[in-house]
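As provided, my_file20.txt (compact mmCIF, C-alpha atoms) reads as follows.
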# COMPACT_ATOMS: atom_id res chain seq x y z
CA MET A 1 -12.65 25.30 -19.04
CA THR A 2 -16.01 25.30 -20.80
CA ASN A 3 -17.59 21.90 -21.15
CA GLY A 4 -19.72 21.34 -24.20
CA PRO A 5 -20.40 18.39 -26.50
CA GLY A 6 -17.37 19.30 -28.60
CA ALA A 7 -14.91 19.84 -25.74
CA GLY A 8 -16.23 17.39 -23.13
CA ILE A 9 -16.20 14.04 -24.95
CA PRO A 10 -12.51 14.24 -26.03
CA ALA A 11 -11.62 15.15 -22.47
CA VAL A 12 -13.59 12.16 -21.16
CA SER A 13 -11.83 9.94 -23.69
CA SER A 14 -8.43 11.18 -22.51
CA ALA A 15 -9.42 10.54 -18.89
CA ILE A 16 -10.57 6.99 -19.69
CA LEU A 17 -7.28 6.25 -21.46
CA ALA A 18 -5.36 7.57 -18.46
CA MET A 19 -7.29 5.27 -16.10
CA SER A 20 -6.69 2.22 -18.30
CA ARG A 21 -2.92 2.61 -18.04
CA HIS A 22 -2.83 1.62 -14.35
CA LEU A 23 -3.34 -1.74 -12.65
CA GLU A 24 -2.67 -0.82 -9.01
CA VAL A 25 -5.88 0.13 -7.18
CA ARG A 26 -4.33 3.18 -5.51
CA ASP A 27 -2.97 4.46 -8.83
CA VAL A 28 -6.36 3.98 -10.48
CA LEU A 29 -8.10 5.91 -7.69
CA LYS A 30 -5.63 8.80 -7.97
CA THR A 31 -6.05 8.92 -11.75
CA ILE A 32 -9.85 8.92 -11.47
CA VAL A 33 -9.79 11.84 -9.04
CA ALA A 34 -7.27 13.89 -11.01
CA SER A 35 -9.11 13.21 -14.28
CA ALA A 36 -12.49 14.21 -12.82
CA ARG A 37 -11.08 17.42 -11.37
CA GLU A 38 -9.50 18.38 -14.70
CA LEU A 39 -12.56 17.35 -16.69
CA LEU A 40 -14.96 19.53 -14.71
CA ASP A 41 -12.41 22.26 -13.94
CA ALA A 42 -12.98 22.00 -10.19
CA GLU A 43 -10.80 23.25 -7.38
CA TYR A 44 -11.15 20.08 -5.30
CA ALA A 45 -11.93 16.43 -6.00
CA ALA A 46 -12.04 13.29 -3.88
CA LEU A 47 -13.03 9.65 -4.09
CA GLY A 48 -13.88 7.53 -1.07
CA VAL A 49 -14.00 3.72 -1.08
CA PRO A 50 -16.21 2.57 1.81
CA ASP A 51 -15.35 -0.11 4.32
CA ASP A 52 -17.82 -2.23 6.25
CA HIS A 53 -17.62 -0.23 9.47
CA GLY A 54 -19.04 3.16 8.57
CA GLY A 55 -15.74 4.64 7.41
CA PHE A 56 -13.57 4.57 4.31
CA ALA A 57 -11.05 1.90 3.43
CA GLN A 58 -9.39 4.35 1.03
CA PHE A 59 -9.85 8.07 0.48
CA VAL A 60 -7.99 9.91 -2.29
CA VAL A 61 -8.00 13.68 -2.78
CA ASP A 62 -6.74 16.07 -5.45
CA GLY A 63 -6.29 19.82 -5.07
CA ILE A 64 -5.14 19.60 -1.44
CA SER A 65 -1.47 19.48 -0.47
CA ASP A 66 -0.04 16.77 1.77
CA GLU A 67 0.42 19.31 4.56
CA GLU A 68 -3.21 20.47 4.29
CA TRP A 69 -4.42 16.87 4.23
CA LYS A 70 -2.48 16.00 7.39
CA ALA A 71 -3.85 19.09 9.13
CA ILE A 72 -7.45 18.08 8.33
CA GLY A 73 -7.12 14.98 10.49
CA PRO A 74 -8.81 11.55 10.38
CA LEU A 75 -10.72 10.30 7.35
CA PRO A 76 -14.38 11.29 7.19
CA ARG A 77 -17.13 8.90 8.20
CA GLN A 78 -19.99 7.80 5.99
CA HIS A 79 -22.53 10.45 6.88
CA GLY A 80 -24.50 13.28 5.33
CA ILE A 81 -24.20 13.68 1.57
CA LEU A 82 -21.43 11.05 1.30
CA ALA A 83 -23.70 8.48 2.91
CA ALA A 84 -26.57 9.45 0.59
CA MET A 85 -24.43 8.75 -2.47
CA LEU A 86 -23.15 5.47 -1.06
CA HIS A 87 -26.48 4.11 0.08
CA SER A 88 -28.90 5.27 -2.60
CA ALA A 89 -26.60 5.59 -5.64
CA THR A 90 -28.09 9.02 -6.29
CA PRO A 91 -26.13 11.83 -7.97
CA GLU A 92 -25.94 15.08 -6.04
CA ARG A 93 -25.49 18.54 -7.58
CA LEU A 94 -25.74 21.46 -5.16
CA ALA A 95 -25.31 25.19 -5.57
CA ASP A 96 -23.97 25.41 -2.01
CA VAL A 97 -23.21 22.27 -0.03
CA ARG A 98 -23.16 24.31 3.17
CA ALA A 99 -26.85 25.14 2.77
CA ASP A 100 -27.90 21.48 2.45
CA PRO A 101 -29.70 20.18 5.59
CA ARG A 102 -27.48 17.08 5.57
CA PHE A 103 -24.32 19.14 5.82
CA GLY A 104 -22.63 18.51 9.17
CA GLY A 105 -19.64 20.81 8.94
CA TRP A 106 -16.00 19.88 8.58
CA PRO A 107 -12.74 20.14 10.54
CA ALA A 108 -11.21 23.55 11.16
CA ALA A 109 -8.33 22.95 8.72
CA HIS A 110 -10.67 21.80 5.94
CA PRO A 111 -10.78 24.17 2.94
CA ASP A 112 -14.03 26.05 2.41
CA MET A 113 -16.22 24.50 -0.27
CA SER A 114 -19.47 25.70 -1.78
CA ASP A 115 -20.89 24.34 -5.03
CA PHE A 116 -20.72 20.56 -5.13
CA ILE A 117 -21.27 17.63 -7.45
CA GLY A 118 -21.08 13.99 -6.47
CA LEU A 119 -21.70 10.64 -8.14
CA PRO A 120 -21.47 7.07 -6.92
CA VAL A 121 -19.01 4.77 -8.69
CA ALA A 122 -20.95 1.54 -9.09
CA ASP A 123 -20.46 -1.89 -10.62
CA GLY A 124 -24.00 -3.12 -11.14
CA ASP A 125 -25.70 -3.00 -7.76
CA GLU A 126 -22.42 -2.76 -5.87
CA ILE A 127 -21.32 0.77 -4.97
CA LEU A 128 -17.54 0.86 -5.13
CA GLY A 129 -17.12 4.43 -3.98
CA ALA A 130 -18.28 8.03 -4.00
CA LEU A 131 -16.70 10.56 -6.38
CA PHE A 132 -17.29 14.21 -5.64
CA LEU A 133 -15.97 17.61 -6.64
CA ALA A 134 -16.29 21.11 -5.22
CA ASN A 135 -15.78 24.74 -6.22
CA LYS A 136 -16.25 25.00 -9.95
CA ARG A 137 -13.59 27.27 -11.40
CA ARG A 138 -14.74 30.22 -13.53
CA ASP A 139 -12.94 32.91 -15.49
CA LYS A 140 -12.50 36.09 -13.52
CA PRO A 141 -15.07 38.74 -14.50
CA SER A 142 -14.17 42.01 -16.13
CA ALA A 143 -13.83 45.18 -14.08
CA SER A 144 -17.47 46.03 -14.78
CA GLY A 145 -18.71 42.54 -13.98
CA PRO A 146 -19.81 41.08 -10.64
CA SER A 147 -17.23 40.83 -7.90
CA GLY A 148 -16.67 38.32 -5.18
CA GLY A 149 -13.52 36.51 -4.05
CA ASP A 150 -11.96 34.76 -7.00
CA GLY A 151 -14.54 36.06 -9.47
CA CYS A 152 -17.53 33.96 -8.44
CA PRO A 153 -19.46 34.22 -5.15
CA PHE A 154 -20.73 30.61 -5.51
CA THR A 155 -24.23 31.38 -4.30
CA ALA A 156 -27.38 29.54 -5.21
CA GLY A 157 -29.14 30.82 -8.28
CA ASP A 158 -26.22 32.70 -9.77
CA GLY A 159 -25.60 30.04 -12.45
CA CYS A 160 -22.05 29.64 -11.22
CA GLY A 161 -22.07 25.99 -10.16
CA PHE A 162 -21.74 22.64 -11.89
CA THR A 163 -24.08 22.13 -14.83
CA GLU A 164 -26.19 19.28 -16.17
CA GLU A 165 -23.52 18.79 -18.83
CA ASP A 166 -20.94 18.45 -16.06
CA GLU A 167 -23.11 15.80 -14.44
CA ARG A 168 -23.46 13.92 -17.73
CA LEU A 169 -19.72 13.93 -18.39
CA LEU A 170 -18.94 12.92 -14.83
CA GLY A 171 -21.45 10.08 -15.15
CA ILE A 172 -19.61 8.73 -18.20
CA LEU A 173 -16.33 8.99 -16.34
CA ALA A 174 -17.79 7.24 -13.28
CA GLU A 175 -19.01 4.32 -15.39
CA HIS A 176 -15.54 3.76 -16.83
CA ALA A 177 -13.98 4.41 -13.43
CA ALA A 178 -15.99 1.48 -12.07
CA ILE A 179 -14.59 -0.77 -14.81
CA ALA A 180 -11.01 0.40 -14.21
CA LEU A 181 -11.34 -0.02 -10.44
CA THR A 182 -12.87 -3.48 -10.77
CA ASN A 183 -10.11 -4.55 -13.16
CA ALA A 184 -7.44 -3.23 -10.79
CA ARG A 185 -8.96 -5.13 -7.88
CA LEU A 186 -9.09 -8.33 -9.93
CA TYR A 187 -5.46 -7.82 -10.96
CA GLU A 188 -4.31 -7.37 -7.38
CA ARG A 189 -6.35 -10.37 -6.24
CA SER A 190 -4.97 -12.56 -9.03
CA ARG A 191 -1.44 -11.52 -8.14
CA GLU A 192 -2.06 -12.34 -4.48
CA LEU A 193 -3.34 -15.77 -5.51
CA THR A 194 -0.33 -16.26 -7.77
CA ILE A 195 2.01 -15.41 -4.92
CA ALA A 196 0.13 -17.77 -2.60
CA GLY A 197 0.31 -20.54 -5.19
CA GLU A 198 4.02 -19.97 -5.70
CA ARG A 199 4.61 -20.13 -1.97
CA ALA A 200 2.68 -23.40 -1.77
CA ARG A 201 4.71 -24.88 -4.62
CA LEU A 202 8.00 -23.83 -3.09
CA ALA A 203 6.93 -25.14 0.30
CA HIS A 204 6.18 -28.51 -1.27
CA GLU A 205 9.55 -28.56 -3.05
CA LEU A 206 11.29 -27.50 0.13
CA HIS A 207 9.64 -30.33 2.01
CA ASP A 208 10.64 -32.92 -0.61
CA ALA A 209 14.19 -31.65 -0.91
CA VAL A 210 15.01 -31.22 2.76
CA ALA A 211 12.82 -33.87 4.39
CA GLN A 212 14.78 -36.72 2.84
CA LYS A 213 18.06 -35.27 4.07
CA LEU A 214 16.66 -34.76 7.57
CA PHE A 215 15.30 -38.31 7.65
CA SER A 216 18.75 -39.68 6.75
CA LEU A 217 20.29 -37.36 9.32
CA ARG A 218 17.99 -38.72 12.01
CA LEU A 219 18.73 -42.37 11.20
CA THR A 220 22.47 -41.75 11.10
CA ALA A 221 22.40 -39.95 14.45
CA GLN A 222 20.46 -42.85 15.98
CA ALA A 223 23.03 -45.30 14.64
CA ALA A 224 25.87 -43.23 16.07
CA THR A 225 24.15 -43.18 19.47
CA ALA A 226 23.83 -46.97 19.46
CA LEU A 227 27.51 -47.44 18.57
CA VAL A 228 29.07 -44.98 21.03
CA ASP A 229 29.69 -47.57 23.77
CA ARG A 230 30.42 -50.77 21.83
CA ASP A 231 32.21 -49.39 18.73
CA PRO A 232 33.48 -45.82 19.22
CA ALA A 233 35.40 -45.84 15.92
CA ARG A 234 32.26 -46.62 13.89
CA ALA A 235 30.32 -44.11 15.96
CA LYS A 236 32.87 -41.49 15.03
CA GLY A 237 32.36 -42.32 11.34
CA GLU A 238 28.60 -42.07 11.71
CA LEU A 239 28.94 -38.69 13.40
CA HIS A 240 31.10 -37.52 10.51
CA GLN A 241 28.27 -38.58 8.20
CA VAL A 242 25.82 -36.62 10.36
CA ALA A 243 27.90 -33.49 9.78
CA LEU A 244 27.93 -34.06 6.02
CA LEU A 245 24.16 -34.62 5.89
CA ALA A 246 23.54 -31.50 7.99
CA ALA A 247 25.67 -29.43 5.59
CA GLU A 248 23.75 -30.83 2.58
CA ALA A 249 20.41 -30.06 4.25
CA ALA A 250 21.59 -26.50 4.93
CA ASP A 251 22.60 -26.14 1.26
CA GLU A 252 19.18 -27.40 0.11
CA LEU A 253 17.45 -24.97 2.43
CA ARG A 254 19.62 -22.07 1.28
CA ALA A 255 18.86 -22.85 -2.37
CA ALA A 256 15.14 -22.92 -1.63
CA VAL A 257 15.31 -19.59 0.18
CA ILE A 258 17.10 -18.03 -2.80
CA GLU A 259 14.31 -19.30 -5.06
CA LEU A 260 11.76 -17.57 -2.84
CA ARG A 261 12.61 -14.24 -4.50
CA PRO A 262 9.14 -12.96 -5.40
CA ALA A 263 8.20 -12.97 -9.06
CA ALA A 264 6.66 -9.51 -8.53
CA LEU A 265 10.09 -8.14 -7.63
CA ASP A 266 11.49 -9.18 -11.00
CA GLU A 267 8.40 -8.08 -12.91
CA ASP A 268 7.43 -4.85 -11.16
CA GLY A 269 10.54 -3.67 -9.33
CA LEU A 270 11.09 -2.91 -5.66
CA VAL A 271 8.94 0.23 -5.37
CA ALA A 272 5.82 -1.29 -6.94
CA THR A 273 6.25 -4.55 -5.01
CA LEU A 274 6.60 -2.77 -1.68
CA ARG A 275 3.66 -0.49 -2.45
CA SER A 276 1.46 -3.46 -3.34
CA GLN A 277 2.40 -5.38 -0.20
CA VAL A 278 1.82 -2.34 1.99
CA GLN A 279 -1.62 -1.84 0.45
CA VAL A 280 -2.52 -5.47 1.16
CA LEU A 281 -1.35 -5.13 4.78
CA ASP A 282 -3.24 -1.85 5.17
CA ARG A 283 -6.45 -3.62 4.16
CA ALA A 284 -5.77 -6.68 6.29
CA HIS A 285 -4.92 -4.94 9.59
CA THR A 286 -6.60 -2.35 11.75
CA ALA A 287 -3.38 -0.31 11.81
CA CYS A 288 -2.88 2.28 9.08
CA VAL A 289 0.05 1.22 6.89
CA THR A 290 1.46 3.77 4.44
CA PHE A 291 4.20 3.81 1.83
CA GLU A 292 6.21 6.59 0.20
CA ALA A 293 9.04 6.42 -2.34
CA HIS A 294 11.37 9.27 -3.25
CA GLY A 295 13.70 9.15 -6.25
CA VAL A 296 14.67 5.50 -5.87
CA ARG A 297 16.86 4.14 -8.66
CA VAL A 298 17.03 0.53 -9.81
CA LEU A 299 19.44 -1.47 -7.64
CA PRO A 300 21.14 -4.85 -8.10
CA SER A 301 18.71 -7.71 -7.55
CA ALA A 302 20.42 -8.94 -4.37
CA GLN A 303 20.09 -5.51 -2.76
CA GLU A 304 16.45 -5.11 -3.78
CA GLU A 305 15.63 -8.53 -2.38
CA ALA A 306 17.42 -7.76 0.89
CA LEU A 307 15.49 -4.48 1.22
CA LEU A 308 12.21 -6.26 0.55
CA ARG A 309 12.92 -9.04 3.07
CA VAL A 310 13.90 -6.59 5.79
CA ALA A 311 10.77 -4.51 5.09
CA GLN A 312 8.62 -7.66 5.36
CA GLU A 313 10.23 -8.69 8.66
CA ALA A 314 9.96 -5.19 10.14
CA LEU A 315 6.32 -4.89 9.03
CA HIS A 316 5.54 -8.28 10.53
CA ASN A 317 7.04 -7.18 13.85
CA ALA A 318 5.18 -3.87 13.86
CA LEU A 319 1.80 -5.35 12.96
CA ARG A 320 1.98 -8.51 15.09
CA HIS A 321 3.90 -7.45 18.19
CA SER A 322 4.01 -3.66 18.65
CA GLY A 323 0.34 -2.77 18.92
CA ALA A 324 0.96 0.14 16.54
CA GLY A 325 -1.85 2.24 15.13
CA HIS A 326 0.26 3.57 12.27
CA VAL A 327 3.20 2.07 10.42
CA ALA A 328 5.01 4.21 7.84
CA VAL A 329 7.29 2.68 5.22
CA THR A 330 9.60 5.02 3.31
CA LEU A 331 12.07 4.14 0.58
CA ALA A 332 14.31 6.94 -0.61
CA ARG A 333 17.42 7.41 -2.70
CA TYR A 334 20.55 7.55 -0.57
CA GLY A 335 23.58 8.57 -2.61
CA GLN A 336 23.84 5.88 -5.27
CA GLY A 337 21.96 3.44 -3.06
CA ALA A 338 18.77 3.50 -1.01
CA LEU A 339 17.50 4.07 2.53
CA LEU A 340 14.59 2.01 3.83
CA ARG A 341 12.74 3.25 6.91
CA ILE A 342 9.92 1.46 8.76
CA ALA A 343 8.55 3.51 11.67
CA ASP A 344 5.68 2.56 13.97
CA ASP A 345 3.98 4.25 16.91
CA GLY A 346 3.71 1.03 18.90
CA ARG A 347 4.84 0.07 22.38
CA GLY A 348 8.56 -0.06 21.52
CA PHE A 349 11.20 -1.93 23.51
CA ASP A 350 14.46 -1.44 25.35
CA THR A 351 17.24 -1.69 22.75
CA ARG A 352 19.73 -2.38 25.55
CA ALA A 353 18.11 -5.77 25.94
CA VAL A 354 19.23 -6.47 22.39
CA ARG A 355 19.95 -10.18 22.81
CA ARG A 356 16.45 -11.01 24.01
CA ALA A 357 14.74 -8.55 21.65
CA GLY A 358 16.93 -9.63 18.75
CA ARG A 359 15.77 -13.21 18.97
CA HIS A 360 12.15 -12.22 19.36
CA LEU A 361 12.04 -9.68 16.55
CA GLY A 362 14.37 -11.28 14.03
CA LEU A 363 16.87 -8.43 14.32
CA VAL A 364 19.82 -10.77 13.84
CA SER A 365 18.50 -12.07 10.52
CA MET A 366 17.71 -8.52 9.36
CA ARG A 367 21.23 -7.38 10.19
CA ASP A 368 22.62 -10.42 8.39
CA ARG A 369 20.59 -9.55 5.29
CA ALA A 370 21.79 -5.97 5.36
CA GLY A 371 25.40 -7.03 5.84
CA SER A 372 25.21 -9.59 3.03
CA VAL A 373 24.76 -6.77 0.48
CA GLY A 374 27.19 -4.32 2.07
CA GLY A 375 24.44 -2.46 3.89
CA LYS A 376 23.80 -1.37 7.45
CA LEU A 377 20.79 -1.87 9.72
CA THR A 378 19.96 0.34 12.72
CA VAL A 379 17.08 0.03 15.16
CA GLU A 380 15.82 2.91 17.29
CA SER A 381 13.25 2.19 19.97
CA GLU A 382 12.15 3.11 23.47
CA PRO A 383 9.36 1.65 25.58
CA GLY A 384 6.17 3.55 24.80
CA LYS A 385 7.74 5.52 21.95
CA GLY A 386 7.55 3.17 18.98
CA THR A 387 10.27 1.63 16.85
CA THR A 388 12.14 2.76 13.75
CA VAL A 389 14.10 0.31 11.61
CA LYS A 390 16.50 1.78 9.04
CA MET A 391 18.46 -0.05 6.39
CA GLU A 392 21.04 1.61 4.17
CA VAL A 393 22.41 -0.13 1.07
CA PRO A 394 25.07 1.16 -1.33
CA GLY A 395 24.56 1.52 -5.06
CA GLY A 396 25.64 -1.13 -7.53
Now, as a test, write the supplied structure out as structure tokens.
Amino acid sequence: MTNGPGAGIPAVSSAILAMSRHLEVRDVLKTIVASARELLDAEYAALGVPDDHGGFAQFVVDGISDEEWKAIGPLPRQHGILAAMLHSATPERLADVRADPRFGGWPAAHPDMSDFIGLPVADGDEILGALFLANKRRDKPSASGPSGGDGCPFTAGDGCGFTEEDERLLGILAEHAAIALTNARLYERSRELTIAGERARLAHELHDAVAQKLFSLRLTAQAATALVDRDPARAKGELHQVALLAAEAADELRAAVIELRPAALDEDGLVATLRSQVQVLDRAHTACVTFEAHGVRVLPSAQEEALLRVAQEALHNALRHSGAGHVAVTLARYGQGALLRIADDGRGFDTRAVRRAGRHLGLVSMRDRAGSVGGKLTVESEPGKGTTVKMEVPGG
């Protein structure tokens, strides 16, 4: 790919349009990285969003397989050239990153990189992240041309690295990336506030609907208690009324729970809703929370809601009680239905003590939810070896 005024600007425009199609922060980050790599014809690209503790809250790569990424190990810290871009908002364009005095090496499984270009992604004075690319691709030389690896030795002074035009195009992309990332963050925040507001409204309605029934239930029970000795027949009638009021209160509560189906589930579907909730939990907790989806088809609403509720309960258990450092949520197609898997590396528990553990971890309610839609829930756990919750549901 040769970037010039004629070829570069249309490519930037296409990249900007691609970024504007997404509202989820993670999707925006992935699109930015892929667009930058394609725009500058680089072998590798990455974007890191810093946290407040010297690391990265999110780190997205393109050009590296999942297996390679896992082999590399933990996320990088904010040091060297990455720190320079984050702290001084200064672009970096190097013929060989390995020759820079700030270069501190990389893990053994990290791919070898040489020429490098990096730009901060900033919204005004706030630096949202660092975008960087490595190993500019070049056409292979002819038989009489220079040799070296894949056609370019990537050494300083050979004119093989990223150009000023590359830097200019990447700067335009970074400016629009900041807008897209800010919009995505605002969208996620507004949706969180909407969900919180909806929960508050439903809680108020639940209180009004059920509290009156419970108040009547209490008075009727008190009356029955007073009548037991002096008028057993009337006491029996009052106790019958207690049973009726209790059944009505249960019906009111059940109706309110049904209404608690998240609006996001109807609007965005199960995969997007789970992904969004996992991202929120990943930011809110010290544990790393991840989500993967594989070929999931749309399911009946009752089944999707049951899957979501079980995922929420299992995530709550893992993050609040297990002491896990990593919680992995996977949703995959399973025949005509789906298989939900929540696995953590926490302290685990003895599944033989199911009665005690079931009450503590809400396993009974999760099994009830699974059974209500024709599904099946299994729990695998051992002390010191984490816990895996699986839920299978059939297709509709």
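The residue that comes closest to A:Val364, out of A:Asp166, A:Ala338, A:Ala314, A:Glu292 and on the basis of only C-alpha atoms, is A:Ala314.
Counting only C-alpha atoms and comparing A:Val389, A:Val97, A:Ala370, A:Ala318, the residue that lies closest to A:Thr351 is A:Val389.
All residues of protein, DNA or RNA that reach within 10 Å of A:Val393, judged by only C-alpha atoms and not counting those fewer than 2 positions away in the chain, are Leu299, Gln303, Glu304, Ala306, Leu307, Arg333, Tyr334, Gly335, Gln336, Gly337, Ala338, Leu339, Leu340, Ala370, Gly371, Val373, Gly374, Gly375, Lys376, Leu377, Met391, Gly395 and Gly396 of chain A.
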Selection above as a file: C-alpha atoms, as a PDB file, in the frame of the given file:
ATOM      1  CA  LEU A 299      19.440  -1.470  -7.640  1.00  0.00           C
ATOM      2  CA  GLN A 303      20.090  -5.510  -2.760  1.00  0.00           C
ATOM      3  CA  GLU A 304      16.450  -5.110  -3.780  1.00  0.00           C
ATOM      4  CA  ALA A 306      17.420  -7.760   0.890  1.00  0.00           C
ATOM      5  CA  LEU A 307      15.490  -4.480   1.220  1.00  0.00           C
ATOM      6  CA  ARG A 333      17.420   7.410  -2.700  1.00  0.00           C
ATOM      7  CA  TYR A 334      20.550   7.550  -0.570  1.00  0.00           C
ATOM      8  CA  GLY A 335      23.580   8.570  -2.610  1.00  0.00           C
ATOM      9  CA  GLN A 336      23.840   5.880  -5.270  1.00  0.00           C
ATOM     10  CA  GLY A 337      21.960   3.440  -3.060  1.00  0.00           C
ATOM     11  CA  ALA A 338      18.770   3.500  -1.010  1.00  0.00           C
ATOM     12  CA  LEU A 339      17.500   4.070   2.530  1.00  0.00           C
ATOM     13  CA  LEU A 340      14.590   2.010   3.830  1.00  0.00           C
ATOM     14  CA  ALA A 370      21.790  -5.970   5.360  1.00  0.00           C
ATOM     15  CA  GLY A 371      25.400  -7.030   5.840  1.00  0.00           C
ATOM     16  CA  VAL A 373      24.760  -6.770   0.480  1.00  0.00           C
ATOM     17  CA  GLY A 374      27.190  -4.320   2.070  1.00  0.00           C
ATOM     18  CA  GLY A 375      24.440  -2.460   3.890  1.00  0.00           C
ATOM     19  CA  LYS A 376      23.800  -1.370   7.450  1.00  0.00           C
ATOM     20  CA  LEU A 377      20.790  -1.870   9.720  1.00  0.00           C
ATOM     21  CA  MET A 391      18.460  -0.050   6.390  1.00  0.00           C
ATOM     22  CA  GLY A 395      24.560   1.520  -5.060  1.00  0.00           C
ATOM     23  CA  GLY A 396      25.640  -1.130  -7.530  1.00  0.00           C
TER      24      GLY A 396
END
Just checking: using all atoms listed in the file, which residue out of A:Glu126, A:Glu175, A:Asp350, A:Asp345 ends up closest to A:Ile32? A:Glu175
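Between atom CA of A:Asp27 and atom CA of A:Ala108 there is a distance of 28.8 Å.
Coordinates place atom CA of A:Gly63 at a distance of 16.8 Å from atom CA of A:Arg26.
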Residues near A:Thr290, anyone? I mean within 12 Å using only C-alpha atoms, not counting same-chain ones fewer than 6 positions away, as a list in words. Arg26, Gln58, Leu274, Arg275, Ser276, Gln277, Val278, Gln279, Val280, Leu281, Asp282, Arg283, Leu315, Gly325, His326, Val327, Ala328, Val329, Thr330, Leu331, Arg341, Ile342, Ala343 and Asp344 of chain A
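Using all atoms listed in the file, the smallest distance between any of A:Gly237, A:Pro101, A:Gly48, A:Pro107 and A:Leu133 comes from A:Gly48.
For the atom pair formed by atom CA of A:Arg168 and atom CA of A:Leu75, the distance is 28.4 Å, given to one decimal.
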For A:Gly55, please output as a PDB file with C-alpha atoms, in the coordinates of the input all residues within 12 Å (counting only C-alpha atoms; exclusion window: fewer than 2 positions along the same chain).
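And here's around-v4.pdb as it stands now:
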ATOM      1  CA  GLY A  48     -13.880   7.530  -1.070  1.00  0.00           C
ATOM      2  CA  VAL A  49     -14.000   3.720  -1.080  1.00  0.00           C
ATOM      3  CA  PRO A  50     -16.210   2.570   1.810  1.00  0.00           C
ATOM      4  CA  ASP A  51     -15.350  -0.110   4.320  1.00  0.00           C
ATOM      5  CA  ASP A  52     -17.820  -2.230   6.250  1.00  0.00           C
ATOM      6  CA  HIS A  53     -17.620  -0.230   9.470  1.00  0.00           C
ATOM      7  CA  ALA A  57     -11.050   1.900   3.430  1.00  0.00           C
ATOM      8  CA  GLN A  58      -9.390   4.350   1.030  1.00  0.00           C
ATOM      9  CA  PHE A  59      -9.850   8.070   0.480  1.00  0.00           C
ATOM     10  CA  PRO A  74      -8.810  11.550  10.380  1.00  0.00           C
ATOM     11  CA  LEU A  75     -10.720  10.300   7.350  1.00  0.00           C
ATOM     12  CA  PRO A  76     -14.380  11.290   7.190  1.00  0.00           C
ATOM     13  CA  ARG A  77     -17.130   8.900   8.200  1.00  0.00           C
ATOM     14  CA  GLN A  78     -19.990   7.800   5.990  1.00  0.00           C
ATOM     15  CA  HIS A  79     -22.530  10.450   6.880  1.00  0.00           C
ATOM     16  CA  LEU A  82     -21.430  11.050   1.300  1.00  0.00           C
ATOM     17  CA  ALA A  83     -23.700   8.480   2.910  1.00  0.00           C
ATOM     18  CA  LEU A  86     -23.150   5.470  -1.060  1.00  0.00           C
ATOM     19  CA  GLY A 129     -17.120   4.430  -3.980  1.00  0.00           C
TER      20      GLY A 129
END
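Taking all atoms listed in the file into account, A:Leu217 lies nearest to A:Gln241 out of the set A:Gln241, A:Ser365, A:Ser35, A:Thr273.
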